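Working notes, structure below.
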There are 4 protein chains.
Amino acid sequence: MAARGKSTTKATTSPAASSAPVDHDTTIPRLGAGAFDNPLGYCRFMDDAARVRIELTDEEVSGLSGNEDLALSFELAGPRAKVFFNPKKTKCAIVTCGGLCPGINDVIRAIVMEAYHAYDVAACFGIRFGLQGFIPRYHHDIMELTPDSVTDIHEFGGTLLGSSRGPQPPEEIVDALERMNIGILFVIGGDGSMKAAAAIQAEVARRGLLVSVVGVPKTIDNDVNFITRSFGFDTAVEQATRAIRSAHTEALGALNGIGMVKLMGRHSGFIAAQSVLALKEVNFVLIPEYPFELHGEKGLLSALTQRLTSRHHAVIVVAEGAGQHLVRASGERDASGNLRLPDICGLLRSAIDEHLNTANVPYTLKFIDPSYIIRSVPANANDRVYCGFLGQNAVHAGMAGKTGMVVARVQDRYVHLPFHLVTSAQKRLNIRSDYWRAVLESTGQQHLGPDLSECPLPGEA
Amino acid sequence: MAARGKSTTKATTSPAASSAPVDHDTTIPRLGAGAFDNPLGYCRFMDDAARVRIELTDEEVSGLSGNEDLALSFELAGPRAKVFFNPKKTKCAIVTCGGLCPGINDVIRAIVMEAYHAYDVAACFGIRFGLQGFIPRYHHDIMELTPDSVTDIHEFGGTLLGSSRGPQPPEEIVDALERMNIGILFVIGGDGSMKAAAAIQAEVARRGLLVSVVGVPKTIDNDVNFITRSFGFDTAVEQATRAIRSAHTEALGALNGIGMVKLMGRHSGFIAAQSVLALKEVNFVLIPEYPFELHGEKGLLSALTQRLTSRHHAVIVVAEGAGQHLVRASGERDASGNLRLPDICGLLRSAIDEHLNTANVPYTLKFIDPSYIIRSVPANANDRVYCGFLGQNAVHAGMAGKTGMVVARVQDRYVHLPFHLVTSAQKRLNIRSDYWRAVLESTGQQHLGPDLSECPLPGEA
Amino acid sequence: MAARGKSTTKATTSPAASSAPVDHDTTIPRLGAGAFDNPLGYCRFMDDAARVRIELTDEEVSGLSGNEDLALSFELAGPRAKVFFNPKKTKCAIVTCGGLCPGINDVIRAIVMEAYHAYDVAACFGIRFGLQGFIPRYHHDIMELTPDSVTDIHEFGGTLLGSSRGPQPPEEIVDALERMNIGILFVIGGDGSMKAAAAIQAEVARRGLLVSVVGVPKTIDNDVNFITRSFGFDTAVEQATRAIRSAHTEALGALNGIGMVKLMGRHSGFIAAQSVLALKEVNFVLIPEYPFELHGEKGLLSALTQRLTSRHHAVIVVAEGAGQHLVRASGERDASGNLRLPDICGLLRSAIDEHLNTANVPYTLKFIDPSYIIRSVPANANDRVYCGFLGQNAVHAGMAGKTGMVVARVQDRYVHLPFHLVTSAQKRLNIRSDYWRAVLESTGQQHLGPDLSECPLPGEA
Amino acid sequence: MAARGKSTTKATTSPAASSAPVDHDTTIPRLGAGAFDNPLGYCRFMDDAARVRIELTDEEVSGLSGNEDLALSFELAGPRAKVFFNPKKTKCAIVTCGGLCPGINDVIRAIVMEAYHAYDVAACFGIRFGLQGFIPRYHHDIMELTPDSVTDIHEFGGTLLGSSRGPQPPEEIVDALERMNIGILFVIGGDGSMKAAAAIQAEVARRGLLVSVVGVPKTIDNDVNFITRSFGFDTAVEQATRAIRSAHTEALGALNGIGMVKLMGRHSGFIAAQSVLALKEVNFVLIPEYPFELHGEKGLLSALTQRLTSRHHAVIVVAEGAGQHLVRASGERDASGNLRLPDICGLLRSAIDEHLNTANVPYTLKFIDPSYIIRSVPANANDRVYCGFLGQNAVHAGMAGKTGMVVARVQDRYVHLPFHLVTSAQKRLNIRSDYWRAVLESTGQQHLGPDLSECPLPGEA
C-alpha cells in the first residue's frame with residue numbers, strides 16, 4: 001500500500017500489493033492435507049491453491065485514502081477434490097451469536113442442507129442461545145438439526161437457535177466440543193464473536209485437536225473489514241427505506257414538516273447512507289464518521305432552516321452513533337460490553353426546537369425509530385442467494401480442513417479470509433469516497449461542518 | 001335502549017329502539033328539495049327517504065353492555081334522482097385536518113373524480129394545511145384539483161393537501177367559503193374536525209347561505225362512535241402486525257426474550273386489539289379501557305414472570321394510552337389541545353427490569369415503537385375500495401343538498417349520520433364484549449386485575 | 001320479498017320478510033339441549049335463542065332487484081352457557097376441500113386452538129386431501145392436530161391438510177366418523193363441499209348418530225349466497241391489484257399499449273369488480289354477469305379503439321367466465337365436475353388484433369394471467385381476524401350441538417346459516433346494483449351492449 | 001486466455017490476459033480532451049486514465065470453461081476534473097428502448113438529477129416510445145425532463161418515456177440529434193439497442209459531430225456479456241420467488257401436486273436459476289443452456305415420477321426458452337425480430353399428463369405464468385442504488401466526452417465498456433460452473449440428460 005502524494009485525482013493502475021504490511025497476510029490455516037475423496041459428483045472442483053487477486057477499495061477496507069489502492073490475493077472458496085474429514089463420520093455444530101440480522105436462518109439452513117445432502121455427515125447440532133449453549137451451567141439443550149427440521153426456517157426472521165451476547169471461556173467451549181466429538185464448528189456472529197472464534201481455534205490448536213473452526217461474519221451495520229457488503233445488509237436497507245418513506249410522507253403532511261428517522265449504525269453510517277441512496281427523499285443524513293456541526297453558518301440548524309424556508313418540508317436520517325462529539329457519553333456498557341450511546345436524536349430535537357422557535361418558524365417534527373423492525377425480518381431474495389452460498393462454502397471449507405477463517409464475499413467473489421483480517425479493525429464509511437459523494441449529491445446536503453479534506457480518515461490519527 | 005337485567009346471557013331479538021334518547025336522532029338536515037335532474041345515467045337512484053335499520057352492537061356504540069342492543073334506522077347513502085345544486089355551476093372545496101391516516105388521498109381522489117366525471121362541476125379546490133388554509137394570514141395557496149392532478153395520488157400515503165391541527169374561527173372560514181363561492185365543503189378529519197365542521201355549518205345556517213357541509217370521519221384509532229371500522233384502520237393494523245412479528249422474532253432470539261410493541265391508541269385499544277387478533281403471537285395486550293394491575297398476584301409482572309419461566313419468551317403489545325391509572329399526567333397539551341400522555345412503556349420497562357432482576361430472571365427486552373410507520377403508508381386494497389365509496393357518496397350527499405352530516409359505513413351499509421352522532425362521544429372498546437374475549441383467548445392472557453364485570457363500561461360512571 | 005313496481009328509486013324502509021319463501025327458513029338444527037356447563041370463564045354468553053335481523057342487499061343475495069329488500073333474522077354465533085358435548089370427551093375432525101383460498105390455515109388454526117384452549121377437547125384430527133381422506137382405499141394418514149403443530153401455519157398459504165375435489169360416498173365418510181368416534185366434523189369447502197356436508201349430516205341423522213356437522217364456506221370467487229364477503233376474498237383482491245398495476249405499467253410503456261389481465265371468476269365477477277374498485281387504472285372490465293358485445297357501435301372493440309385513439313393506452317380486466325355467450329363450450333369437465341371454460345381471453349386477443357389491424361392502429365398487447373398467485377398466499381391481517389372468528393365460532397357452534405349449518409359473517413355479524421341457504425344458489429353480481437355502477441364509474445366504461453335494465457337478473461328467467 | 005488441459009480442478013492464479021483476442025480491447029473512445037473545469041466541488045476526481053484489473057469468471061463472460069480465467073483492465077467510471085462539454089450549454093437526450101425492466105425510471109431520474117444538479121446543463125429531453133421518438137413521421141412529442149418532473153417517477157415501474165422495439169435509420173436519428181442540438185445521448189436498452197447506439201455513434205463520427213453516445217445496458221434476462229448482474233435483475237428475481245412460493249403451496253395442497261412456473265429467459269436461464277437459489281422449494285429447473293431429456297431413464301418424466309412417488313409433490317421451474325431441442329420453431333418473429341418461441345410448457349404438460357396417466361399416478365398440475373408481473377414493478381432498494389450509480393456515472397462519462405461506450409458494474413466496480421464488448425455476444429449460463437452446481441444442489445435434481453462435461457459450452461461449437 002502506497003500513498004500517492006496529495007494530488008486530488010485517483011489512479012489505480014499500479015497498486016503496490018507487495019508493500020502490504022504483515023497483517024494483510026491472507027494465508028488460510030488448515031488442519032492437514034485432504035485424505036478423503038469428496039463425495040460430490042462435481043463437474044469441477046476448486047484447486048486448493050486457487051486464488052483471486054482483487055483491487056480493494058474503500059468500500060472494503062477502512063483507511064484507504066482514495067489516492068491509493070490495495071490489491072490482495074485471496075484463497076477462493078468452493079469444494080475441494082480431497083477433503084480432510086471423513087464425511088460420514090464428521091459431526092458439525094452451529095452457533096449464532098450477537099444481535100439478529102436477516103439471513104441467519106438461511107445460513108443455518110444452507111449449512112445443514114449442504115452437510116447432509118452433499119457430504120452425508122454423521123450429525124449436525126445446533127447450539128442454543130449463543131456461546132452460552134456450550135456452558136453446562138446454563139442448562140440449554142442441544143438441538144439436532146436435520147434437513148426436515150430446517151426446511152422452512154428461511155421463511156422466518158431471527159435465528160432458530162436463539163442467540164446471546166458476550167464471551168464465554170474458550171476452555172469450557174472446547175471442553176464441550178470434545179465431549180460432543182465435534183469436527184467442524186460454524187460460528188455465525190459479529191466482530192466479538194469472530195474474536196471468540198479465534199480464541200476457540202487457539203485453544204483447539206493448543207490441545208492439538210482436529211477441529212475446524214469456520215466463521216460466517218454477521219453484522220447489520222456492514223462494518224466488517226474486507227467484506228464489501230455483509231449478508232442481511234441489503235434486506236435491512238430495504239426495510240429502512242420504508243421508514244424513510246413514512247418520514248417523507250409525514251413531512252409533506254404538515255407545514256414545515258420535519259421527518260426524522262433514526263437508523264442503526266453505532267460506529268458506521270452504512271445503513272443510513274445506503275438507505276438514502278435507495279430512497280431519494282432525504283435532505284440531511286448524519287453518520288458517525290462525519291463530525292457535523294449543529295450551530296454556526298454551516299451547521300445543521302442553519303441549513304435546516306433554509307430548507308424549510310424554501311421547500312417547507314425536510315427529511316433527516318440519523319445513524320444512532322452520529323454526533324457523538326456533541327453529546328457526553330454515560331460510560332455505561334451493555335451485555336456485550338458495548339458502550340451505551342447517548343441519545344443524539346433527543347439532543348437534535350431539542351436543538352431544532354429551540355432554534356426554530358427562536359427563528360419564529362412554526363414546524364412539526366415526526367420522529368420514527370424503526371429499530372428492530374429492520375433487522376428481524378426474513379431475508380430478501382438477494383440475501384437468500386448470498387446466505388446460501390456462504391453456508392455452502394462454509395461447509396466446503398470446513399470439510400477441507402480449513403480453520404481459523406471465515407467465508408466471505410469480497411466484491412463479487414466468494415473467498416476465505418483469516419480471522420485476523422476481519423477482526424483487526426472495523427470498517428468505517430470513508431467520507432472522502434465516491435460513495436459518500438454520491439450520498440451527498442442525492443441529498444443536496446452541503447458539508448455541515450469541516451471540509452472533508454480536513455477530516456481524519458479512519459485509521460489516521 | 002333498555003338494560004335487560006343482570007343475566008349473563010345476551011339476547012338481541014327485541015331491541016327497544018323506541019326508548020332511545022334524543023341524541024339518537026338520525027335525521028339529516030338538507031338545504032332544500034332537489035330541483036335539478038341528476039346528470040347520471042343510472043339504472044337506479046336511491047330514494048331520498050330510503051333508510052336501513054341496523055342493530056348496533058358494542059363494535060359501533062360505546063356504552064352498550066352486551067345485555068342490550070340498539071337498533072336504529074339510518075338514511076342510506078347514494079345518488080338521488082333530483083339534486084339540489086346545479087351541477088355545472090357548483091364549486092367544491094376539500095380540506096383535510098388532523099393526523100395522517102391511510103386512505104386520505106383515496107378519499108380526495110374519489111371526491112374529485114366523482115365531482116368531475118359524474119356531475120361535471122365547475123371547480124374543485126384543495127384547501128392547504130387544514131383549516132389554516134382558509135385563513136388569509138397564513139398565506140397558503142389554494143390548489144386546483146382536477147382528474148389529471150389527482151390521478152396517481154392514491155399510490156402515496158399522507159394527504160396531498162397537507163394538514164394541520166387545531167381549530168380556526170368559523171366566521172373566517174365561512175368568509176372564505178363566501179369569497180370562493182363554494183357550494184359544497186368536504187371536511188376529512190377527526191373528532192375535533194367534525195366539531196369544527198358542525199360550527200362551520202352553524203355559521204353557514206346563521207348567515208342563511210346555501211352551502212352544504214359534508215364530513216368524512218377520519219381516525220387512525222377507530223374511535224368514532226357509530227362507525228364500525230373507520231377508513232385506514234385495516235391498513236394500519238396490517239402495518240402494526242409487521243412490528244409485532246418483529247417483536248416475536250426478537251423475543252425468540254434470546255433466552256427469556258421479551259418483545260414489547262407500542263401502538264397508537266390514546267383512549268382506545270382498537271389497533272392493539274385488532275393487531276393481536278391478526279397476528280396470534282402476542283401474550284399480553286394492554287389497552288386504555290382496562291385498568292390492569294402491575295403488581296400483585298394477578299398483575300402483569302407476576303404473569304410475565306410465569307410466562308418466561310414456562311415458555312422463555314413473551315410478546316407484549318401496549319396501546320399508548322394504556323395504564324394511565326399508573327402514571328401521573330404532566331398536564332401538557334399538544335397543538336390539537338390533546339393532553340400529552342405520560343410514557344407508559346418507560347414505566348413498564350423499569351418495573352419489568354426491577355421485578356425480573358429481583359426475581360433473578362435474566363432477560364432481554366426489545367422495544368419497538370413503529371409510530372408513524374403504520375399510518376403514513378398508502379391504503380391497502382380493502383381500504384381503497386372503502387375510501388372510494390366514501391368519496392363518491394360524499395359527493396352524492398353534497399349535490400343532493402344534504403348538510404351537517406357525515407358519510408359512513410355502519411356495519412356493512414353506507415349511510416348518512418348527523419354530526420352530533422359522531423361527535424357526542426368517542427367510541428371505546430367494550431372489555432365485556434365478545435371481541436375483547438376473543439382477544440384474551442388469542443393471547444391466553446388472564447385478567448391482569450379486576451374482573452371485567454367490576455370494570456365500569458365507557459359511559460357508565 | 002316483494003317487488004315494488006317499476007319505479008327507478010329504491011326504498012328499504014318496509015321489507016316484507018313475512019312473505020319470504022320457504023327456503024329463507026333460517027332455523028338451525030341441533031342435536032339436543034346443552035347438558036354440560038361451558039368451561040369458559042366468560043363474562044357473558046350468547047343466549048341460545050339470540051337472533052339478529054339484517055336487511056340483506058344484492059351484495060348478499062342474488063335476485064334482489066334493488067327495488068326490494070329482504071330482511072331476515074339469523075341465529076347469532078358465539079359461545080353458549082350450556083354445551084351439548086362433554087368437552088373433555090369430544091373428538092373433532094377437520095377436512096378441507098376444493099381449491100385453495102387465503103386463510104384456510106387460519107381457520108384450521110383457530111379451530112384447533114379454540115377446541116384445545118377453550119374446551120380442552122380429547123383430540124383434534126386432520127383429514128388429509130379432502131374427502132378422500134375418509135376413504136380407506138386412498139390410504140391417507142390422519143394428522144393429529146395440536147396447538148404446537150398448528151402454531152405457525154398461518155404464515156403459509158394453502159392448506160396444511162391438503163385438499164381434493166369431487167364427492168365421496170357419504171356412507172363411507174360416516175363409517176369413518178364412527179370408527180374414529182368423531183363428535184364434531186368441521187368441513188371447510190366450497191359450494192360442492194357444503195352439499196357433501198349436508199349429505200353427511202343426512203346420513204348421520206339417518207343412523208341416529210350424535211355427530212355435529214359444521215361448515216365454513218370457502219370460495220375465492222365470493223359467490224356464496226347470503227355471505228357478504230367470503231374469507232380470503234380481500235387477500236385475493238389485494239394480490240389481483242398487483243397484476244393490474246403491472247398491466248397498467250405495461251400499457252403505459254408502449255404506444256397504444258393494452259394491458260389485459262385475466263382474473264378468477266367462473267360464474268361471477270366479484271374479484272374482477274372489487275379489484276377494479278381497489279386500483280383505479282382499469283378502463284374495461286368484463287364479467288360473466290353482463291353479456292357485453294364485441295362488435296358494433298357499442299361493442300368492446302369500438303370502445304377500445306376510441307380509448308386508444310384518445311389516450312393511447314388501455315387496461316382490460318377479464319373474469320375467466322366472462323363472455324361465454326361469445327364462445328362455444330367444449331362440454332369437458334374437470335375433476336370437480338365443473339365445465340371447462342372456453343378461453344375468452346384468446347378470443348378477445350384475436351378479435352382485438354383483427355380489429356386494430358383493420359383499423360390500422362398499431363398497438364402492443366401484454367397479457368397477464370396471475371392465476372394461482374392470487375389464491376395461494378397467506379391471508380392478510382383483515383382476513384386473519386375474520387378467519388379467527390370463523391374458526392372460534394365454528395367450535396362454539398359444534399360444542400353447542402348445532403349441526404347442518406355453517407358459520408358466516410353476514411354484513412358485519414357472525415351468524416349461523418342452515419346448509420340449504422348457502423347451497424340453494426350461487427351468488428351473482430347484480431349488474432343493476434350500486435356496486436356495479438361504482439365499478440362502471442371507476443372505469444369510465446359505458447355499457448358495452450344491452451342496457452342494464454334489459455339484462456335479466458340472476459334468478460330471473 | 002489459455003485453456004489449462006483437462007484437469008478437473010480450477011486455478012485462477014495466473015490468468016493470461018495478454019493472450020486475449022482483439023475483441024477484448026477495453027479502450028474507450030472520447031470526443032476530445034477536457035477543456036472545462038468540472039463544476040463539482042468534489043473532494044476527489046477520478047483520474048481520466050484510472051483503470052481496474054478484474055479477474056472475470058463465467059458469471060461475466062460466456063465461454064470461460066472454468067479451467068481458465070480472463071483478467072482484463074477496465075476504465076473506471078466517475079467524475080473527471082476536466083470535462084469536454086461546456087456544462088451550462090449542453091443539451092442531453094434520453095431514450096429507452098425494448099422491453100420493460102425494473103429500474104428504468106431510476107436511471108432516467110438519476111441522469112436528470114445529476115445533469116441538472118451537478119452540471120447545471122441547459123436542457124434534458126426525453127425521447128418518447130424508443131427510437132421512434134426521433135423519427136418525424138411518428139409525430140411523438142418530446143418531453144422536457146426537469147428535476148421536478150422526475151422527482152417521483154422511481155415509485156412507479158416501467159418507463160416514463162414509453163418504449164418501442166426494433167431499429168430506426170441511424171441517419172434520421174442523427175438528423176434529429178442535430179436539429180435538437182443534442183450534446184449527449186443516453187440510450188437505455190438491450191442488446192439490439194446497444195447495436196443501434198453503436199450505429200448512431202458511427203453516423204455521428206462519419207459526420208464529424210461532437211455528440212457523445214452513452215449506453216446503459218438493460219436486460220431482464222441478465223444476458224449482457226461482461227456485466228455480472230444487470231440492473232433490475234434482482235427485483236425481477238424477488239418477484240419470481242413469489243410465483244414459485246405459490247407453486248409450492250399449490251403443489252402441497254393436492255396429492256401428487258405439481259406446481260409449474262414459467263419464467264422469462266429466452267436464451268439464458270439466469271432468472272430461473274437465481275430464483276431457485278433464492279427460494280429453495282424447487283425440484284426441477286429447466287433452462288435453455290442444458291439440453292435435458294424428457295424420456296428415458298435419466299429424463300424429466302422418470303425423475304418427476306420418482307419424486308411424486310416418494311414425496312407426493314413437486315415444483316418445476318421452466319425458463320421460457322428451455323427445451324428448444326424438443327419443439328419445432330414456427331419461424332415467426334416478433335416486432336424486435338426475435339423468433340417466437342414454441343411453447344415448451346404446453347409440451348411439458350402434455351408429456352407429463354400422458355406419462356403419469358400411463359403410470360397410473362393421479363396428480364394435479366397447477367401452471368403459473370407470472371410473465372410481466374416480474375418486470376413491471378418498481379425497483380427494490382438494491383436496484384435503486386445500482387440504477388442511481390449507473391445514471392450518475394453515465395452523466396459523468398458523457399460530460400467527459402466519452403462516447404461509444406456503456407456504463408456498467410463488473411463484479412462490484414463501476415466501469416466503462418466499449419459497445420463492442422457488450423454486443424459481441426450474449427451471456428449464457430455456464431452449466432459447468434459453480435453457480436449451476438449450486439442450483440442443482442439446491443434442487444436435488446440430477447442431470448436430466450447428458451453429463452455436463454459432454455455439453456458444449458456457449459461459444460464452443
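Letters A, B, ... go to the chains of the C-alpha cells in the order shown; residues in each chain start at 1; ligands are counted from 1 in the same order.
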
Residues of chain C near chain D: apply a cut-off of 7 Å, count only C-alpha atoms, and supply the list as a PyMOL selection string. chain C and resi 129+157-159+162-164+243+246+249-250+252-255+368-373+376-377

Hey, what's within 10 Å of C:Pro169 if we count only C-alpha atoms and toss same-chain stuff fewer than 5 positions away? As a VMD selection string, please? chain C and resid 131 to 132 134 to 135 174 196 199 to 200

Output of the above residues as an mmCIF file, in the first residue's frame, restricted to N, CA and C atoms:
```cif
data_model
loop_
_atom_site.group_PDB
_atom_site.id
_atom_site.type_symbol
_atom_site.label_atom_id
_atom_site.label_comp_id
_atom_site.auth_asym_id
_atom_site.auth_seq_id
_atom_site.Cartn_x
_atom_site.Cartn_y
_atom_site.Cartn_z
ATOM 1 N N LEU C 131 -62.132 -35.003 1.089
ATOM 2 C CA LEU C 131 -62.995 -36.115 1.496
ATOM 3 C C LEU C 131 -62.336 -37.467 1.228
ATOM 4 N N GLN C 132 -61.377 -37.509 0.292
ATOM 5 C CA GLN C 132 -60.605 -38.749 0.081
ATOM 6 C C GLN C 132 -60.035 -39.294 1.373
ATOM 7 N N PHE C 134 -61.172 -39.693 4.153
ATOM 8 C CA PHE C 134 -62.046 -40.575 4.932
ATOM 9 C C PHE C 134 -62.118 -41.980 4.361
ATOM 10 N N ILE C 135 -61.734 -42.101 3.109
ATOM 11 C CA ILE C 135 -61.982 -43.347 2.382
ATOM 12 C C ILE C 135 -60.749 -44.246 2.479
ATOM 13 N N VAL C 174 -69.294 -41.437 6.831
ATOM 14 C CA VAL C 174 -69.882 -41.592 8.163
ATOM 15 C C VAL C 174 -69.335 -42.862 8.845
ATOM 16 N N ALA C 196 -71.934 -31.753 0.038
ATOM 17 C CA ALA C 196 -71.434 -33.016 0.576
ATOM 18 C C ALA C 196 -71.627 -33.052 2.090
ATOM 19 N N ALA C 199 -75.083 -33.894 2.864
ATOM 20 C CA ALA C 199 -75.329 -35.328 2.671
ATOM 21 C C ALA C 199 -74.772 -36.123 3.844
ATOM 22 N N ILE C 200 -73.609 -35.717 4.347
ATOM 23 C CA ILE C 200 -73.037 -36.396 5.513
ATOM 24 C C ILE C 200 -73.978 -36.231 6.708
#
```

Determine which residues of stretch 34-189 of chain D receive a DSSP assignment of alpha helix (DSSP H), computed from the backbone, and state them as a CSV table (one decimal) with N, CA and C atoms, in the first residue's frame.
```csv
chain,number,residue,atom,x,y,z
D,104,ILE,N,-35.7,1.3,-14.7
D,104,ILE,CA,-35.5,2.2,-15.9
D,104,ILE,C,-35.8,3.7,-15.4
D,105,ASN,N,-36.9,3.8,-14.7
D,105,ASN,CA,-37.2,5.2,-14.2
D,105,ASN,C,-36.2,5.7,-13.2
D,106,ASP,N,-35.6,4.8,-12.5
D,106,ASP,CA,-34.5,5.3,-11.6
D,106,ASP,C,-33.3,5.8,-12.4
D,107,VAL,N,-33.0,5.1,-13.4
D,107,VAL,CA,-31.9,5.5,-14.3
D,107,VAL,C,-32.2,6.9,-14.9
D,108,ILE,N,-33.4,7.0,-15.4
D,108,ILE,CA,-33.8,8.3,-16.0
D,108,ILE,C,-33.7,9.4,-15.0
D,109,ARG,N,-34.2,9.1,-13.8
D,109,ARG,CA,-34.2,10.1,-12.7
D,109,ARG,C,-32.8,10.5,-12.3
D,110,ALA,N,-31.9,9.5,-12.2
D,110,ALA,CA,-30.6,9.8,-11.8
D,110,ALA,C,-29.8,10.6,-12.9
D,111,ILE,N,-30.1,10.3,-14.1
D,111,ILE,CA,-29.4,11.1,-15.2
D,111,ILE,C,-29.9,12.6,-15.1
D,112,VAL,N,-31.2,12.8,-15.0
D,112,VAL,CA,-31.8,14.1,-15.0
D,112,VAL,C,-31.3,14.9,-13.8
D,113,MET,N,-31.3,14.2,-12.6
D,113,MET,CA,-30.9,14.9,-11.4
D,113,MET,C,-29.4,15.3,-11.5
D,147,PRO,N,-35.8,18.3,-12.8
D,147,PRO,CA,-35.9,17.6,-11.5
D,147,PRO,C,-37.3,17.5,-11.0
D,148,ASP,N,-38.1,18.5,-11.1
D,148,ASP,CA,-39.5,18.5,-10.6
D,148,ASP,C,-40.3,17.4,-11.3
D,149,SER,N,-40.1,17.3,-12.6
D,149,SER,CA,-41.0,16.3,-13.4
D,149,SER,C,-40.6,14.9,-13.2
D,150,VAL,N,-39.4,14.6,-12.7
D,150,VAL,CA,-38.9,13.2,-12.5
D,150,VAL,C,-38.9,12.9,-11.0
D,170,PRO,N,-30.3,5.1,-38.6
D,170,PRO,CA,-29.4,6.0,-37.8
D,170,PRO,C,-29.3,7.4,-38.4
D,171,GLU,N,-29.4,7.5,-39.7
D,171,GLU,CA,-29.3,8.8,-40.3
D,171,GLU,C,-30.4,9.7,-39.8
D,172,GLU,N,-31.6,9.2,-39.8
D,172,GLU,CA,-32.7,10.0,-39.3
D,172,GLU,C,-32.5,10.4,-37.9
D,173,ILE,N,-32.0,9.4,-37.1
D,173,ILE,CA,-31.8,9.7,-35.7
D,173,ILE,C,-30.8,10.8,-35.5
D,174,VAL,N,-29.7,10.7,-36.3
D,174,VAL,CA,-28.7,11.8,-36.1
D,174,VAL,C,-29.2,13.1,-36.7
D,175,ASP,N,-30.0,13.1,-37.7
D,175,ASP,CA,-30.7,14.3,-38.1
D,175,ASP,C,-31.4,15.0,-36.9
D,176,ALA,N,-32.1,14.1,-36.2
D,176,ALA,CA,-32.9,14.7,-35.1
D,176,ALA,C,-31.9,15.2,-34.0
D,177,LEU,N,-30.8,14.5,-33.7
D,177,LEU,CA,-29.9,15.0,-32.7
D,177,LEU,C,-29.3,16.4,-33.2
D,178,GLU,N,-29.1,16.5,-34.4
D,178,GLU,CA,-28.6,17.8,-34.9
D,178,GLU,C,-29.6,18.9,-34.8
D,179,ARG,N,-30.8,18.5,-35.2
D,179,ARG,CA,-31.9,19.5,-35.1
D,179,ARG,C,-32.1,20.0,-33.6
D,180,MET,N,-32.0,19.0,-32.7
D,180,MET,CA,-32.3,19.4,-31.3
D,180,MET,C,-31.0,19.9,-30.6
```

With distances taken over only C-alpha atoms, which of A:Pro39, A:Gly404, A:Pro29, A:Pro291 is nearest to A:Leu452? A:Pro291

Pick out the residues sitting within 12 Å of C:Arg328, and hand them over as JSON, numbers by chain; count only C-alpha atoms, and ignore anything fewer than 2 positions along from it in its own chain. {"C": [323, 324, 325, 326, 330, 331, 332, 339, 340, 341, 342, 343, 344, 347]}

Write out the residues from the selection above, keeping N, CA and C atoms, as an mmCIF file, in the first residue's frame.
```cif
data_model
loop_
_atom_site.group_PDB
_atom_site.id
_atom_site.type_symbol
_atom_site.label_atom_id
_atom_site.label_comp_id
_atom_site.auth_asym_id
_atom_site.auth_seq_id
_atom_site.Cartn_x
_atom_site.Cartn_y
_atom_site.Cartn_z
ATOM 1 N N GLY C 323 -68.052 -13.485 -21.028
ATOM 2 C CA GLY C 323 -68.218 -13.636 -22.470
ATOM 3 C C GLY C 323 -68.513 -15.041 -22.935
ATOM 4 N N GLN C 324 -69.126 -15.850 -22.088
ATOM 5 C CA GLN C 324 -69.411 -17.222 -22.503
ATOM 6 C C GLN C 324 -70.456 -17.272 -23.617
ATOM 7 N N HIS C 325 -71.167 -16.164 -23.775
ATOM 8 C CA HIS C 325 -72.123 -16.118 -24.883
ATOM 9 C C HIS C 325 -71.414 -15.951 -26.236
ATOM 10 N N LEU C 326 -70.118 -15.667 -26.160
ATOM 11 C CA LEU C 326 -69.366 -15.444 -27.394
ATOM 12 C C LEU C 326 -68.565 -16.662 -27.831
ATOM 13 N N SER C 330 -66.748 -26.562 -24.697
ATOM 14 C CA SER C 330 -66.309 -27.872 -25.184
ATOM 15 C C SER C 330 -67.130 -28.986 -24.563
ATOM 16 N N GLY C 331 -67.762 -28.688 -23.452
ATOM 17 C CA GLY C 331 -68.510 -29.739 -22.776
ATOM 18 C C GLY C 331 -67.654 -30.584 -21.848
ATOM 19 N N GLU C 332 -66.330 -30.349 -21.868
ATOM 20 C CA GLU C 332 -65.458 -31.111 -20.959
ATOM 21 C C GLU C 332 -65.656 -30.644 -19.523
ATOM 22 N N LEU C 339 -67.640 -27.535 -15.602
ATOM 23 C CA LEU C 339 -67.399 -27.452 -17.041
ATOM 24 C C LEU C 339 -66.113 -26.675 -17.300
ATOM 25 N N ARG C 340 -65.313 -27.171 -18.197
ATOM 26 C CA ARG C 340 -64.141 -26.393 -18.604
ATOM 27 C C ARG C 340 -64.604 -25.190 -19.399
ATOM 28 N N LEU C 341 -64.071 -24.045 -19.016
ATOM 29 C CA LEU C 341 -64.478 -22.822 -19.699
ATOM 30 C C LEU C 341 -63.667 -22.629 -20.969
ATOM 31 N N PRO C 342 -64.324 -22.220 -22.030
ATOM 32 C CA PRO C 342 -63.564 -21.846 -23.228
ATOM 33 C C PRO C 342 -62.719 -20.614 -22.921
ATOM 34 N N ASP C 343 -61.727 -20.407 -23.753
ATOM 35 C CA ASP C 343 -60.735 -19.367 -23.470
ATOM 36 C C ASP C 343 -61.191 -18.022 -24.024
ATOM 37 N N ILE C 344 -61.856 -17.249 -23.197
ATOM 38 C CA ILE C 344 -62.372 -15.962 -23.667
ATOM 39 C C ILE C 344 -61.227 -15.005 -23.997
ATOM 40 N N LEU C 347 -59.939 -15.520 -27.450
ATOM 41 C CA LEU C 347 -60.877 -14.948 -28.420
ATOM 42 C C LEU C 347 -60.756 -13.436 -28.471
#
```

Extract, using only C-alpha atoms, all DNA, RNA and protein residues at most 6 Å from stretch 220-233 of chain A, discarding same-chain residues fewer than 6 positions from it, and format them as number ranges by chain. A: 59-61, 101-103, 265, 383, 410-411, 422, 426-427

In Å, rounded to a single decimal, give me how far atom CA of A:Val317 is from atom CA of D:Val395. 26.9 Å

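In terms of minimum interatomic distance to D:Leu429, D:Ile287 ranks closest within D:Ile287, D:Ala123, D:Val204, D:Phe74, counting only C-alpha atoms.
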
I need the residues in stretch 210-302 of chain B that are strand (DSSP E) according to DSSP; give them as a count of residues only. 16

Mind checking which residues fall within 9 Å of C:Arg413, counting only C-alpha atoms, ignoring those fewer than 3 positions away in the same chain, and posting them as a PyMOL selection string? (chain B and resi 411) or (chain C and resi 52+54+76-77+408-410)

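Atom CA of B:Lys262 to atom CA of B:Asp234 spans 17.4 Å [interatomic distance, one decimal].
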